[in-house]
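K.L.:
Below is the file work_27.cif, with mmCIF, C-alpha atoms and all ligand atoms.
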```cif
data_entry
loop_
_atom_site.label_atom_id
_atom_site.label_comp_id
_atom_site.auth_asym_id
_atom_site.auth_seq_id
_atom_site.Cartn_x
_atom_site.Cartn_y
_atom_site.Cartn_z
CA MET A 637 12.40 26.52 -3.66
CA SER A 638 8.89 25.12 -3.75
CA LYS A 639 7.98 21.90 -2.03
CA PRO A 640 7.21 18.75 -4.08
CA HIS A 641 3.57 18.05 -4.84
CA ILE A 642 2.75 14.88 -2.89
CA ILE A 643 0.42 12.26 -4.31
CA GLY A 644 -1.00 9.70 -1.88
CA LEU A 645 -1.83 6.49 -3.75
CA THR A 646 -4.12 3.97 -2.15
CA GLY A 647 -6.59 1.21 -2.99
CA SER A 648 -8.06 -1.89 -1.45
CA ILE A 649 -6.46 -5.32 -1.66
CA GLY A 650 -5.79 -6.48 -5.22
CA MET A 651 -6.99 -3.29 -6.92
CA GLY A 652 -3.64 -2.85 -8.71
CA LYS A 653 -2.00 -0.25 -6.51
CA SER A 654 1.53 -1.67 -6.79
CA THR A 655 1.16 -1.96 -10.56
CA VAL A 656 0.00 1.65 -10.84
CA ALA A 657 2.78 2.86 -8.51
CA ALA A 658 5.30 1.17 -10.82
CA MET A 659 3.76 3.10 -13.74
CA PHE A 660 4.30 6.42 -11.93
CA GLU A 661 7.87 5.41 -11.15
CA ALA A 662 8.54 4.48 -14.78
CA ALA A 663 7.25 7.94 -15.73
CA GLY A 664 9.90 9.51 -13.49
CA VAL A 665 7.94 10.19 -10.28
CA PRO A 666 9.91 9.08 -7.19
CA VAL A 667 7.83 6.54 -5.25
CA PHE A 668 7.83 5.74 -1.55
CA ASP A 669 6.44 2.23 -1.15
CA ALA A 670 5.17 1.76 2.41
CA ASP A 671 4.75 -2.00 1.98
CA ALA A 672 8.31 -2.39 0.66
CA ALA A 673 9.61 -0.35 3.61
CA VAL A 674 7.73 -2.66 5.98
CA ARG A 675 9.02 -5.75 4.20
CA SER A 676 12.64 -4.63 4.37
CA MET A 677 12.34 -3.84 8.08
CA GLN A 678 10.76 -7.30 8.57
CA GLY A 679 13.26 -9.13 6.33
CA PRO A 680 16.53 -10.87 7.23
CA GLU A 681 18.27 -8.73 9.89
CA GLY A 682 15.43 -6.20 9.66
CA GLN A 683 15.38 -3.57 12.37
CA LEU A 684 11.91 -4.55 13.62
CA LEU A 685 12.57 -8.26 14.13
CA PRO A 686 13.48 -8.09 17.83
CA ALA A 687 10.36 -6.08 18.70
CA ILE A 688 8.09 -8.36 16.62
CA GLU A 689 9.61 -11.54 18.06
CA ALA A 690 9.17 -10.19 21.61
CA GLU A 691 5.48 -9.42 20.95
CA PHE A 692 4.69 -12.50 18.81
CA PRO A 693 7.06 -15.30 19.86
CA GLY A 694 7.90 -17.74 17.07
CA SER A 695 6.83 -15.39 14.27
CA THR A 696 10.37 -14.61 13.07
CA GLY A 697 13.38 -16.68 12.01
CA PRO A 698 16.67 -16.39 10.10
CA ASN A 699 14.76 -15.21 7.03
CA GLY A 700 12.96 -12.49 8.96
CA VAL A 701 9.24 -12.47 9.65
CA ASN A 702 7.31 -15.56 8.65
CA ARG A 703 4.52 -13.61 6.93
CA ASP A 704 2.04 -16.44 6.81
CA ALA A 705 2.49 -17.22 10.53
CA LEU A 706 2.34 -13.56 11.58
CA GLY A 707 -0.65 -12.97 9.30
CA LYS A 708 -2.48 -15.86 11.00
CA HIS A 709 -1.89 -14.21 14.38
CA VAL A 710 -2.88 -10.69 13.50
CA PHE A 711 -5.52 -10.95 10.79
CA ALA A 712 -7.61 -13.05 13.17
CA ASP A 713 -7.12 -10.81 16.18
CA PRO A 714 -7.78 -7.05 16.03
CA GLU A 715 -5.94 -6.45 19.26
CA GLY A 716 -2.87 -8.31 17.96
CA LEU A 717 -3.01 -6.33 14.73
CA ALA A 718 -3.07 -3.09 16.72
CA ARG A 719 0.03 -4.21 18.64
CA LEU A 720 1.82 -5.04 15.38
CA GLU A 721 0.83 -1.70 13.88
CA ALA A 722 2.14 0.12 16.94
CA ILE A 723 5.56 -1.42 16.21
CA ILE A 724 5.48 -0.88 12.46
CA HIS A 725 3.76 2.43 11.73
CA PRO A 726 6.13 4.80 13.56
CA ALA A 727 9.09 3.13 11.81
CA VAL A 728 7.41 3.55 8.41
CA GLY A 729 6.74 7.21 9.24
CA ALA A 730 10.46 7.75 9.87
CA LYS A 731 11.38 6.10 6.54
CA ARG A 732 8.84 8.27 4.73
CA GLN A 733 10.32 11.39 6.29
CA ALA A 734 13.81 10.36 5.14
CA PHE A 735 12.48 9.80 1.60
CA LEU A 736 10.96 13.31 1.65
CA THR A 737 14.26 14.84 2.68
CA GLU A 738 16.14 12.92 -0.03
CA ASN A 739 13.71 13.98 -2.74
CA ALA A 740 13.03 17.53 -1.59
CA GLU A 741 13.83 18.94 -5.03
CA ALA A 742 11.53 16.75 -7.13
CA PRO A 743 8.43 18.52 -8.51
CA MET A 744 6.23 15.57 -7.62
CA LEU A 745 6.45 12.54 -5.31
CA LEU A 746 4.19 9.58 -4.75
CA PHE A 747 3.50 7.80 -1.48
CA ASP A 748 2.09 4.32 -2.07
CA ILE A 749 0.19 3.71 1.16
CA PRO A 750 -2.28 0.83 1.43
CA LEU A 751 -3.85 2.22 4.61
CA LEU A 752 -3.87 5.92 3.62
CA PHE A 753 -7.47 6.57 4.77
CA GLU A 754 -7.46 4.06 7.61
CA LYS A 755 -4.48 5.70 9.29
CA GLY A 756 -5.18 9.35 8.46
CA GLY A 757 -2.26 9.75 6.04
CA HIS A 758 -4.58 11.43 3.51
CA GLU A 759 -4.29 14.63 5.53
CA ALA A 760 -0.55 14.79 4.89
CA VAL A 761 -0.70 14.59 1.08
CA ASP A 762 -1.71 17.15 -1.55
CA THR A 763 -3.67 14.85 -3.88
CA VAL A 764 -5.35 11.54 -3.09
CA VAL A 765 -5.42 9.00 -5.93
CA VAL A 766 -7.48 5.82 -5.49
CA VAL A 767 -6.83 2.72 -7.58
CA SER A 768 -10.04 0.85 -8.19
CA ALA A 769 -11.66 -1.89 -10.26
CA PRO A 770 -15.03 -3.67 -10.16
CA ALA A 771 -15.42 -5.96 -7.15
CA GLU A 772 -15.57 -9.15 -9.27
CA ILE A 773 -12.22 -8.37 -10.87
CA GLN A 774 -10.71 -7.61 -7.48
CA ARG A 775 -11.99 -10.93 -6.11
CA GLU A 776 -10.63 -12.90 -9.07
CA ARG A 777 -7.19 -11.31 -8.75
CA VAL A 778 -6.94 -11.86 -5.02
CA LEU A 779 -8.26 -15.42 -4.98
CA ALA A 780 -5.70 -16.34 -7.66
CA ARG A 781 -2.88 -15.64 -5.17
CA PRO A 782 -1.26 -18.55 -3.37
CA GLU A 783 -2.05 -18.68 0.37
CA MET A 784 -5.28 -16.71 -0.17
CA THR A 785 -8.65 -18.08 0.85
CA GLN A 786 -12.16 -16.73 0.49
CA GLU A 787 -12.33 -16.30 4.25
CA LYS A 788 -9.01 -14.44 4.54
CA PHE A 789 -10.00 -12.17 1.64
CA GLU A 790 -13.35 -11.26 3.23
CA HIS A 791 -11.67 -10.59 6.54
CA ILE A 792 -8.98 -8.31 5.07
CA LEU A 793 -11.73 -6.44 3.20
CA SER A 794 -13.54 -5.91 6.49
CA LEU A 795 -10.40 -4.23 7.90
CA GLN A 796 -10.19 -1.74 5.04
CA VAL A 797 -12.27 1.33 4.20
CA PRO A 798 -14.71 0.11 1.51
CA ASP A 799 -13.82 0.79 -2.11
CA ALA A 800 -17.01 2.86 -2.63
CA GLU A 801 -16.01 5.19 0.20
CA LYS A 802 -12.43 5.44 -1.06
CA ARG A 803 -13.75 6.42 -4.49
CA GLU A 804 -15.94 9.10 -2.96
CA ARG A 805 -13.07 10.59 -0.99
CA ALA A 806 -10.56 10.46 -3.87
CA ASP A 807 -9.36 13.51 -5.77
CA HIS A 808 -8.71 11.21 -8.75
CA ILE A 809 -9.52 7.59 -9.52
CA ILE A 810 -7.35 5.30 -11.64
CA ASP A 811 -9.40 2.48 -13.09
CA THR A 812 -7.67 -0.90 -13.41
CA GLY A 813 -10.68 -2.88 -14.62
CA CYS A 814 -9.29 -2.52 -18.13
CA SER A 815 -6.08 -3.27 -20.02
CA LEU A 816 -2.69 -2.34 -18.58
CA ALA A 817 -2.18 0.02 -21.55
CA GLU A 818 -5.40 1.89 -20.75
CA THR A 819 -4.38 2.21 -17.12
CA GLU A 820 -0.98 3.50 -18.19
CA ALA A 821 -2.66 6.14 -20.35
CA GLN A 822 -4.72 7.28 -17.35
CA VAL A 823 -1.52 7.60 -15.30
CA ALA A 824 0.17 9.64 -18.03
CA ARG A 825 -2.84 11.98 -18.28
CA LEU A 826 -2.96 12.48 -14.55
CA ILE A 827 0.75 13.29 -14.32
CA GLU A 828 0.32 15.86 -17.07
CA GLN A 829 -2.66 17.40 -15.31
CA LEU A 830 -0.89 17.59 -11.94
CA MET A 831 2.34 18.91 -13.47
CA GLY A 832 0.34 21.68 -15.10
CA ARG A 833 -0.92 22.60 -11.68
CA THR A 834 2.49 22.57 -9.97
CA ALA A 835 4.41 24.36 -12.77
C1 LIG B 1 0.83 -9.43 8.82
C2 LIG B 1 1.73 -9.42 7.60
C3 LIG B 1 3.15 -9.87 7.94
C4 LIG B 1 1.11 -10.43 6.55
O1 LIG B 1 1.86 -10.40 5.36
P1 LIG B 1 1.28 -10.99 3.97
O2 LIG B 1 2.44 -10.97 3.02
O3 LIG B 1 0.58 -12.28 4.24
O4 LIG B 1 0.15 -9.98 3.49
P2 LIG B 1 0.29 -8.50 2.82
O5 LIG B 1 1.24 -7.66 3.62
O6 LIG B 1 0.53 -8.64 1.36
O7 LIG B 1 -1.17 -7.92 3.05
C5 LIG B 1 -2.32 -8.50 2.41
C6 LIG B 1 -3.43 -7.46 2.39
O8 LIG B 1 -3.76 -7.09 3.73
C7 LIG B 1 -3.70 -5.71 3.86
N1 LIG B 1 -3.18 -5.35 5.19
C8 LIG B 1 -1.92 -5.55 5.68
N2 LIG B 1 -1.80 -5.04 6.91
C9 LIG B 1 -3.02 -4.51 7.19
C10 LIG B 1 -3.54 -3.80 8.28
N3 LIG B 1 -2.75 -3.51 9.33
N4 LIG B 1 -4.85 -3.39 8.23
C11 LIG B 1 -5.62 -3.64 7.14
N5 LIG B 1 -5.19 -4.30 6.05
C12 LIG B 1 -3.91 -4.72 6.09
C13 LIG B 1 -2.70 -5.22 2.78
O9 LIG B 1 -2.95 -3.90 2.38
C14 LIG B 1 -3.01 -6.17 1.65
O10 LIG B 1 -4.10 -5.70 0.89
C15 LIG B 1 1.79 -7.99 6.97
O11 LIG B 1 0.58 -7.68 6.33
C16 LIG B 1 2.10 -6.91 7.99
O12 LIG B 1 3.20 -6.82 8.50
N6 LIG B 1 1.06 -6.06 8.26
C17 LIG B 1 1.17 -4.99 9.22
C18 LIG B 1 1.87 -3.80 8.63
C19 LIG B 1 0.93 -2.87 7.99
O13 LIG B 1 0.07 -2.28 8.64
N7 LIG B 1 1.10 -2.73 6.66
C20 LIG B 1 0.26 -1.93 5.88
C21 LIG B 1 0.93 -0.78 5.19
S1 LIG B 1 2.13 0.18 6.03
N1 LIG B 2 -5.33 -2.50 -15.94
C1 LIG B 2 -4.64 -3.03 -14.91
N2 LIG B 2 -4.05 -2.20 -14.02
C2 LIG B 2 -3.39 -2.72 -12.95
N3 LIG B 2 -3.26 -4.04 -12.69
C3 LIG B 2 -3.79 -4.90 -13.59
C4 LIG B 2 -4.52 -4.44 -14.72
N4 LIG B 2 -4.94 -5.52 -15.41
C5 LIG B 2 -4.51 -6.60 -14.74
N5 LIG B 2 -3.81 -6.26 -13.64
C6 LIG B 2 -3.17 -7.22 -12.72
O1 LIG B 2 -3.80 -7.15 -11.44
C7 LIG B 2 -2.86 -7.46 -10.41
C8 LIG B 2 -2.88 -6.33 -9.39
O2 LIG B 2 -1.95 -6.60 -8.37
P1 LIG B 2 -1.18 -5.50 -7.50
O3 LIG B 2 -0.14 -6.25 -6.74
O4 LIG B 2 -0.78 -4.34 -8.36
O5 LIG B 2 -2.37 -5.05 -6.52
P2 LIG B 2 -2.31 -4.26 -5.14
O6 LIG B 2 -3.50 -3.39 -5.14
O7 LIG B 2 -0.99 -3.60 -4.98
O8 LIG B 2 -2.51 -5.43 -4.10
P3 LIG B 2 -2.31 -5.50 -2.46
O9 LIG B 2 -3.13 -4.41 -1.87
O10 LIG B 2 -2.81 -6.84 -2.11
O11 LIG B 2 -0.82 -5.33 -2.23
C9 LIG B 2 -1.50 -7.60 -11.08
O12 LIG B 2 -1.24 -8.97 -11.27
C10 LIG B 2 -1.71 -6.89 -12.43
O13 LIG B 2 -0.89 -7.37 -13.48
#
```
Give the structure from the file, written as structure tokens.
Ligand SMILES: CC(C)(COP(=O)(O)OP(=O)(O)OC[C@H]1O[C@@H](n2cnc3c(N)ncnc32)[C@H](O)[C@@H]1O)[C@@H](O)C(=O)NCCC(=O)NCCS
Ligand SMILES: Nc1ncnc2c1ncn2[C@@H]1O[C@H](COP(=O)(O)OP(=O)(O)OP(=O)(O)O)[C@@H](O)[C@H]1O

P.N.:
Amino acid sequence: MSKPHIIGLTGSIGMGKSTVAAMFEAAGVPVFDADAAVRSMQGPEGQLLPAIEAEFPGSTGPNGVNRDALGKHVFADPEGLARLEAIIHPAVGAKRQAFLTENAEAPMLLFDIPLLFEKGGHEAVDTVVVVSAPAEIQRERVLARPEMTQEKFEHILSLQVPDAEKRERADHIIDTGCSLAETEAQVARLIEQLMGRTA
């Protein structure tokens, strides 16, 4: 039995990665969503709450992690962010491994990983797909979110590999600076192309 072809999907903040991942899923490709895995482990009764509370007192409660409060700690403090990542990333790795085992017979799988390049995950996938749009569109989308400020946006950008570099390192780029229907068509074409290769 051959192994599934693994797509690593990434993109900077607000580029449309979650939207594109949902398009792959709707087309029948099983998706591992790293952010969703993190959120469930940080949610009510999440397995990471005790470790996060011990490291960042007051950042969790009955509803799990208070994301705004924890974000204020770690996005302003690189050393704090590294401590949070040391708690979270190994746990995400274990979840990803379990997903792989569960879906070992699928022809193709997608890992939706915001920090694919930053954390070296690109080496563990077969094809890297970068979701990208012009910077002005990205800025508009992100600044329209509640709790987002210009300053927070700039800072998060500074923590991520720049979009231009991601595009250069991608095997394929999905453009989201267009209509959702056009993006969907790009996803369908890419799946066809990759299926042809794995068949
Ligand atoms: C600090 C937390 C609680 C803030 O949550 P909040 O809902 O406010 O923000 P959200 O998760 O939507 O992230 C906003 C943007 O920041 C980016 N971002 C999140 N964590 C990081 C990080 N460690 N390094 C760089 N960018 C990051 C995201 O990709 C996204 O583009 C949360 O981001 C978190 O737990 N981060 C650490 C876990 C992590 O590294 N996740 C990334 C994928 S596994
Ligand atoms: N052609 C398009 N493709 C994808 N998203 C689009 C497109 N046109 C508009 N959008 C909108 O842009 C937004 C992108 O948000 P999404 O949550 O998918 O981004 P993200 O890259 O996952 O963000 P983050 O890294 O912050 O989690 C959505 O509201 C989506 O509807």

K.L.:
Tell me which of A:Met677, A:Ile809, A:Val764, A:Ala705 sits closest to A:Ala730, counting all atoms listed in the file.

P.N.:
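Looking at the shortest contact to A:Ala730, the residue is A:Met677.
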
K.L.:
Looking at only C-alpha atoms, which of A:Thr812, A:Gln733, A:Asn699, A:Thr655 is the one that sits closest to A:Ala771?

P.N.:
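So, comparing all the options, the nearest one is A:Thr812.
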
K.L.:
When you count all atoms listed in the file, which of these residues is closest to A:Lys731: A:Leu706, A:Val767, A:Ala673, A:Leu745?

P.N.:
A:Ala673

K.L.:
Would you mind listing the residues within 7 Å of ligand LIG 1 (chain B), counting all atoms listed in the file, as a ChimeraX atom specification?

P.N.:
/A:648-650,670-671,674,701,703-704,706-707,710-711,717,720-721,724-725,728,749-751,792,795-796

K.L.:
I need the residue nearest A:Asp811 from this list: A:Ala734, A:Ile773, A:Leu830, A:Ala663. Use all atoms listed in the file for the distance.

P.N.:
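The closest residue to A:Asp811 is A:Ile773.
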
K.L.:
Enumerate residues in contact with ligand LIG 2 (chain B): an atom-to-atom distance of at most 7 Å, counting all atoms listed in the file. Format the result as a PyMOL selection string.

P.N.:
chain A and resi 647-656+750+777+812-819

K.L.:
Give me a file of those residues, with C-alpha atoms, as a short mmCIF file (atom, residue, chain, number, x, y, z; two decimals), in the frame of the given file.

P.N.:
```
data_model
loop_
_atom_site.label_atom_id
_atom_site.label_comp_id
_atom_site.auth_asym_id
_atom_site.auth_seq_id
_atom_site.Cartn_x
_atom_site.Cartn_y
_atom_site.Cartn_z
CA GLY A 647 -6.59 1.21 -2.99
CA SER A 648 -8.06 -1.89 -1.45
CA ILE A 649 -6.46 -5.32 -1.66
CA GLY A 650 -5.79 -6.48 -5.22
CA MET A 651 -6.99 -3.29 -6.92
CA GLY A 652 -3.64 -2.85 -8.71
CA LYS A 653 -2.00 -0.25 -6.51
CA SER A 654 1.53 -1.67 -6.79
CA THR A 655 1.16 -1.96 -10.56
CA VAL A 656 0.00 1.65 -10.84
CA PRO A 750 -2.28 0.83 1.43
CA ARG A 777 -7.19 -11.31 -8.75
CA THR A 812 -7.67 -0.90 -13.41
CA GLY A 813 -10.68 -2.88 -14.62
CA CYS A 814 -9.29 -2.52 -18.13
CA SER A 815 -6.08 -3.27 -20.02
CA LEU A 816 -2.69 -2.34 -18.58
CA ALA A 817 -2.18 0.02 -21.55
CA GLU A 818 -5.40 1.89 -20.75
CA THR A 819 -4.38 2.21 -17.12
#
```

K.L.:
Between atom CA of A:Glu787 and atom CA of A:Arg775, what is the distance in Å, rounded to a tenth?

P.N.:
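One can read the atom CA of A:Glu787 to atom CA of A:Arg775 distance as 11.7 Å.
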
K.L.:
Looking at A:Gly832, A:Gly756, A:Pro782, A:Gly682, which one is nearest to A:Val797, with distances taken over all atoms listed in the file?

P.N.:
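Closest to A:Val797, using all atoms listed in the file: A:Gly756.
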
K.L.:
Record the distance separating atom CA of A:Pro666 and atom CA of A:Leu684, expressed in Å with one decimal.

P.N.:
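Between atom CA of A:Pro666 and atom CA of A:Leu684 the gap works out to 25.0 Å.
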
K.L.:
Check the smallest atom-to-atom distance from each of A:Pro743, A:Arg781, A:Glu776, A:Thr763 to A:Ser638 using all atoms listed in the file, then report the winner.

P.N.:
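Using all atoms listed in the file, A:Ser638 sits closest to A:Pro743.
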
K.L.:
To one decimal place in Å, what is the distance between atom CA of A:Pro640 and atom CA of A:Glu741?

P.N.:
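That distance, rounded to one decimal, is 6.7 Å.
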
K.L.:
Which residues come within 12 Å of A:Ala722, counting all atoms listed in the file, excluding same-chain residues fewer than 3 positions away, as a VMD selection string?

P.N.:
chain A and resid 684 687 to 688 691 715 to 719 725 to 729 755

K.L.:
Mind giving me the axis-aligned box for stretch 737-753 of chain A with 4 Å on every side, centre plus edges in Å to one decimal, as lines of an AutoDock Vina configuration file?

P.N.:
```
center_x = 4.3
center_y = 9.9
center_z = -1.9
size_x = 31.6
size_y = 26.1
size_z = 21.3
```
